[in-house]
Amino acid sequence: MKIKTRSKKVNKAWLHDHLNDPYVRQAQAEGYRARAAYKLKEIDEVFGLIKPGQVVVDLGSAPGAWSQYLRRRFAPKVAGSGGAASGELGGTLLALDVLPMEPIDGVQFLQGDFRDEAVLRALEAALAGRAVDVVVSDMAPNLSGIASADAARMADLVELAIDFAQARLRPEGALVAKVFHGSGYSQLVERFKRSFRVVKPHKPKASRDRSAETFLVGIGLKAAST
């Protein structure tokens with residue numbers, strides 16, 4: 001009985017915070033599928049990563065808020081119903097996730113695990129030989145509540161994002177990846193530093209204070225060691 005009561009209290013507190021969250025309200029008003037759009041927006045404004053005409057890959061894209069933001073950056077003066085950007089794209093946006101995602105005009109979505117050979121072939125076909133300018137990754141594992149296990153799963157996803165970026169980014173390209181503070185964080189920072197010339201952590205204002213998440217931004221690939 002105590003567990004159930006506590007669970008109800010936690011759920012009620014989360015619901016209260018969610019309904020009173022200014023970013024939730026702003027997302028609803030501006031037609032974003034999730035408040036997470038404002039995390040990428042702030043990162044982009046701080047580091048100047050996204051520009052019309054680029055090739056951008058969104059890993060872990062569902063439900064699509066980051067892809068929506070990217071789409072709007074590519075056509076910032078044109079908006080259709082529901083806050084959706086439309087018109088000439090002026091770039092290439094590819095989104096991948098193991099979960100389904102509702103379509104976004106101008107965004108090519110591939111459902112599946114990008115570690116799978118079939119998904120990689122589909123991605124390579126969509127890229128058509130073009131190098132990628134920016135990779136953004138909001139991927140996170142399903143949390144078990146066991147800190148060491150969750151940290152290991154998160155580290156694995158970040159490593160995959162780095163490997164993916166190293167294989168496809170142009171030399172001056174950038175990677176934005178979600179990470180969690182805690183066990184393994186310093187090792188991930190060091191992994192980024194081995195791969196990128198510039199590495200900066202950033203916690204957007206839209207990331208809740210109690211959340212352990214932050215984002216690592218890597219800019220400019222380092223030459224592979226011989």
# chains A, B, ... in the order shown; residues from 1 in each chain; ligands from 1
>>> select_by_dssp(residues="segment 44-172 of chain A", states="strand (DSSP E or B)", output="JSON, numbers by chain")
{"A": [55, 56, 57, 58, 59, 79, 85, 92, 93, 94, 95, 96, 97, 107, 108, 109, 110, 111, 132, 133, 134, 135, 136, 137, 169, 170, 171, 172]}
>>> write_last_selection(atoms="N, CA and C atoms", output="JSON list (two decimals), in the first residue's frame")
[["chain", "number", "residue", "atom", "x", "y", "z"],
["A", 55, "VAL", "N", 23.09, 19.07, -44.53],
["A", 55, "VAL", "CA", 22.61, 17.70, -44.37],
["A", 55, "VAL", "C", 22.68, 17.39, -42.88],
["A", 56, "VAL", "N", 21.54, 17.11, -42.28],
["A", 56, "VAL", "CA", 21.46, 16.89, -40.83],
["A", 56, "VAL", "C", 20.78, 15.56, -40.56],
["A", 57, "VAL", "N", 21.32, 14.79, -39.63],
["A", 57, "VAL", "CA", 20.74, 13.51, -39.23],
["A", 57, "VAL", "C", 20.31, 13.60, -37.77],
["A", 58, "ASP", "N", 19.07, 13.22, -37.51],
["A", 58, "ASP", "CA", 18.47, 13.26, -36.17],
["A", 58, "ASP", "C", 18.32, 11.82, -35.67],
["A", 59, "LEU", "N", 19.18, 11.41, -34.74],
["A", 59, "LEU", "CA", 19.14, 10.06, -34.18],
["A", 59, "LEU", "C", 18.25, 10.04, -32.94],
["A", 79, "ALA", "N", 5.49, 28.84, -42.49],
["A", 79, "ALA", "CA", 4.86, 27.91, -41.54],
["A", 79, "ALA", "C", 3.46, 27.58, -42.01],
["A", 85, "ALA", "N", 6.51, 23.63, -40.54],
["A", 85, "ALA", "CA", 7.17, 24.35, -41.61],
["A", 85, "ALA", "C", 6.86, 23.67, -42.93],
["A", 92, "THR", "N", 18.83, 18.81, -46.40],
["A", 92, "THR", "CA", 18.40, 17.42, -46.26],
["A", 92, "THR", "C", 18.29, 17.06, -44.79],
["A", 93, "LEU", "N", 17.13, 16.59, -44.39],
["A", 93, "LEU", "CA", 16.90, 16.17, -43.01],
["A", 93, "LEU", "C", 16.52, 14.69, -42.99],
["A", 94, "LEU", "N", 17.32, 13.91, -42.29],
["A", 94, "LEU", "CA", 17.06, 12.49, -42.13],
["A", 94, "LEU", "C", 16.87, 12.19, -40.66],
["A", 95, "ALA", "N", 15.81, 11.48, -40.33],
["A", 95, "ALA", "CA", 15.50, 11.15, -38.94],
["A", 95, "ALA", "C", 15.41, 9.63, -38.79],
["A", 96, "LEU", "N", 15.93, 9.12, -37.69],
["A", 96, "LEU", "CA", 15.92, 7.69, -37.43],
["A", 96, "LEU", "C", 15.47, 7.42, -36.01],
["A", 97, "ASP", "N", 14.68, 6.38, -35.85],
["A", 97, "ASP", "CA", 14.30, 5.94, -34.50],
["A", 97, "ASP", "C", 13.76, 4.52, -34.59],
["A", 107, "VAL", "N", 11.02, 15.92, -44.02],
["A", 107, "VAL", "CA", 11.91, 15.09, -43.21],
["A", 107, "VAL", "C", 11.75, 13.64, -43.65],
["A", 108, "GLN", "N", 12.85, 13.02, -44.05],
["A", 108, "GLN", "CA", 12.81, 11.61, -44.42],
["A", 108, "GLN", "C", 13.06, 10.77, -43.19],
["A", 109, "PHE", "N", 12.06, 9.99, -42.79],
["A", 109, "PHE", "CA", 12.14, 9.20, -41.57],
["A", 109, "PHE", "C", 12.40, 7.74, -41.91],
["A", 110, "LEU", "N", 13.36, 7.17, -41.21],
["A", 110, "LEU", "CA", 13.67, 5.75, -41.33],
["A", 110, "LEU", "C", 13.45, 5.09, -39.97],
["A", 111, "GLN", "N", 12.55, 4.13, -39.92],
["A", 111, "GLN", "CA", 12.30, 3.45, -38.65],
["A", 111, "GLN", "C", 13.17, 2.21, -38.54],
["A", 132, "VAL", "N", 27.69, 14.48, -44.02],
["A", 132, "VAL", "CA", 26.73, 15.06, -43.09],
["A", 132, "VAL", "C", 27.35, 16.27, -42.40],
["A", 133, "ASP", "N", 26.57, 17.34, -42.27],
["A", 133, "ASP", "CA", 27.05, 18.55, -41.59],
["A", 133, "ASP", "C", 26.89, 18.46, -40.08],
["A", 134, "VAL", "N", 25.74, 17.97, -39.64],
["A", 134, "VAL", "CA", 25.45, 17.91, -38.20],
["A", 134, "VAL", "C", 24.69, 16.62, -37.89],
["A", 135, "VAL", "N", 25.10, 15.96, -36.82],
["A", 135, "VAL", "CA", 24.35, 14.83, -36.26],
["A", 135, "VAL", "C", 23.84, 15.26, -34.89],
["A", 136, "VAL", "N", 22.55, 15.10, -34.65],
["A", 136, "VAL", "CA", 21.99, 15.37, -33.33],
["A", 136, "VAL", "C", 21.41, 14.08, -32.76],
["A", 137, "SER", "N", 21.67, 13.83, -31.51],
["A", 137, "SER", "CA", 21.21, 12.60, -30.88],
["A", 137, "SER", "C", 20.57, 12.88, -29.53],
["A", 169, "LEU", "N", 30.38, 12.44, -40.84],
["A", 169, "LEU", "CA", 30.48, 13.89, -40.79],
["A", 169, "LEU", "C", 31.56, 14.42, -41.75],
["A", 170, "ARG", "N", 31.32, 15.61, -42.29],
["A", 170, "ARG", "CA", 32.40, 16.31, -42.98],
["A", 170, "ARG", "C", 33.38, 16.81, -41.92],
["A", 171, "PRO", "N", 34.63, 17.12, -42.29],
["A", 171, "PRO", "CA", 35.66, 17.42, -41.29],
["A", 171, "PRO", "C", 35.28, 18.52, -40.30],
["A", 172, "GLU", "N", 34.54, 19.53, -40.75],
["A", 172, "GLU", "CA", 34.17, 20.63, -39.86],
["A", 172, "GLU", "C", 32.79, 20.43, -39.21]]
>>> residues_around(residues="segment 61-70 of chain A", least_positions_apart="2", cutoff="7 Å", atoms="only C-alpha atoms", output="number ranges by chain")
A: 32-34, 36-37, 40, 58-59, 72-74, 95-97, 99-101
>>> write_last_selection(atoms="N, CA and C atoms", output="PDB file, in the first residue's frame")
ATOM      1  N   TYR A  32       4.943  22.483 -31.469  1.00  0.00           N
ATOM      2  CA  TYR A  32       5.963  21.453 -31.305  1.00  0.00           C
ATOM      3  C   TYR A  32       5.376  20.235 -30.601  1.00  0.00           C
ATOM      4  N   ARG A  33       5.860  19.075 -30.968  1.00  0.00           N
ATOM      5  CA  ARG A  33       5.344  17.836 -30.392  1.00  0.00           C
ATOM      6  C   ARG A  33       5.829  17.592 -28.969  1.00  0.00           C
ATOM      7  N   ALA A  34       6.901  18.246 -28.584  1.00  0.00           N
ATOM      8  CA  ALA A  34       7.442  18.075 -27.235  1.00  0.00           C
ATOM      9  C   ALA A  34       8.278  19.298 -26.871  1.00  0.00           C
ATOM     10  N   ALA A  36      11.095  19.303 -25.757  1.00  0.00           N
ATOM     11  CA  ALA A  36      12.506  19.055 -26.071  1.00  0.00           C
ATOM     12  C   ALA A  36      13.001  19.922 -27.217  1.00  0.00           C
ATOM     13  N   ALA A  37      12.093  20.435 -28.044  1.00  0.00           N
ATOM     14  CA  ALA A  37      12.503  21.300 -29.155  1.00  0.00           C
ATOM     15  C   ALA A  37      13.326  22.484 -28.656  1.00  0.00           C
ATOM     16  N   LEU A  40      17.193  21.813 -28.132  1.00  0.00           N
ATOM     17  CA  LEU A  40      17.993  21.930 -29.340  1.00  0.00           C
ATOM     18  C   LEU A  40      18.052  23.372 -29.821  1.00  0.00           C
ATOM     19  N   ASP A  58      19.067  13.223 -37.509  1.00  0.00           N
ATOM     20  CA  ASP A  58      18.474  13.259 -36.168  1.00  0.00           C
ATOM     21  C   ASP A  58      18.323  11.824 -35.673  1.00  0.00           C
ATOM     22  N   LEU A  59      19.179  11.408 -34.744  1.00  0.00           N
ATOM     23  CA  LEU A  59      19.137  10.056 -34.182  1.00  0.00           C
ATOM     24  C   LEU A  59      18.254  10.037 -32.940  1.00  0.00           C
ATOM     25  N   ARG A  72      12.119  23.815 -39.379  1.00  0.00           N
ATOM     26  CA  ARG A  72      11.817  25.251 -39.336  1.00  0.00           C
ATOM     27  C   ARG A  72      13.073  26.093 -39.568  1.00  0.00           C
ATOM     28  N   ARG A  73      14.207  25.621 -39.093  1.00  0.00           N
ATOM     29  CA  ARG A  73      15.456  26.350 -39.322  1.00  0.00           C
ATOM     30  C   ARG A  73      15.806  26.376 -40.805  1.00  0.00           C
ATOM     31  N   PHE A  74      15.400  25.345 -41.516  1.00  0.00           N
ATOM     32  CA  PHE A  74      15.684  25.283 -42.943  1.00  0.00           C
ATOM     33  C   PHE A  74      14.723  26.141 -43.757  1.00  0.00           C
ATOM     34  N   ALA A  95      15.809  11.481 -40.326  1.00  0.00           N
ATOM     35  CA  ALA A  95      15.502  11.148 -38.938  1.00  0.00           C
ATOM     36  C   ALA A  95      15.406   9.629 -38.794  1.00  0.00           C
ATOM     37  N   LEU A  96      15.934   9.119 -37.695  1.00  0.00           N
ATOM     38  CA  LEU A  96      15.916   7.690 -37.435  1.00  0.00           C
ATOM     39  C   LEU A  96      15.473   7.417 -36.007  1.00  0.00           C
ATOM     40  N   ASP A  97      14.682   6.375 -35.846  1.00  0.00           N
ATOM     41  CA  ASP A  97      14.303   5.939 -34.498  1.00  0.00           C
ATOM     42  C   ASP A  97      13.761   4.520 -34.586  1.00  0.00           C
ATOM     43  N   LEU A  99      11.330   3.691 -32.757  1.00  0.00           N
ATOM     44  CA  LEU A  99       9.899   3.921 -32.564  1.00  0.00           C
ATOM     45  C   LEU A  99       9.306   4.605 -33.788  1.00  0.00           C
ATOM     46  N   PRO A 100       8.006   4.458 -34.024  1.00  0.00           N
ATOM     47  CA  PRO A 100       7.380   5.166 -35.145  1.00  0.00           C
ATOM     48  C   PRO A 100       7.332   6.664 -34.883  1.00  0.00           C
ATOM     49  N   MET A 101       7.251   7.445 -35.950  1.00  0.00           N
ATOM     50  CA  MET A 101       7.159   8.892 -35.831  1.00  0.00           C
ATOM     51  C   MET A 101       6.187   9.411 -36.879  1.00  0.00           C
TER      52      MET A 101
END
>>> closest_residue(among="A:Thr214, A:Gln54, A:Asn142, A:Asn20", to="Arg71 of chain A", atoms="only C-alpha atoms")
A:Gln54
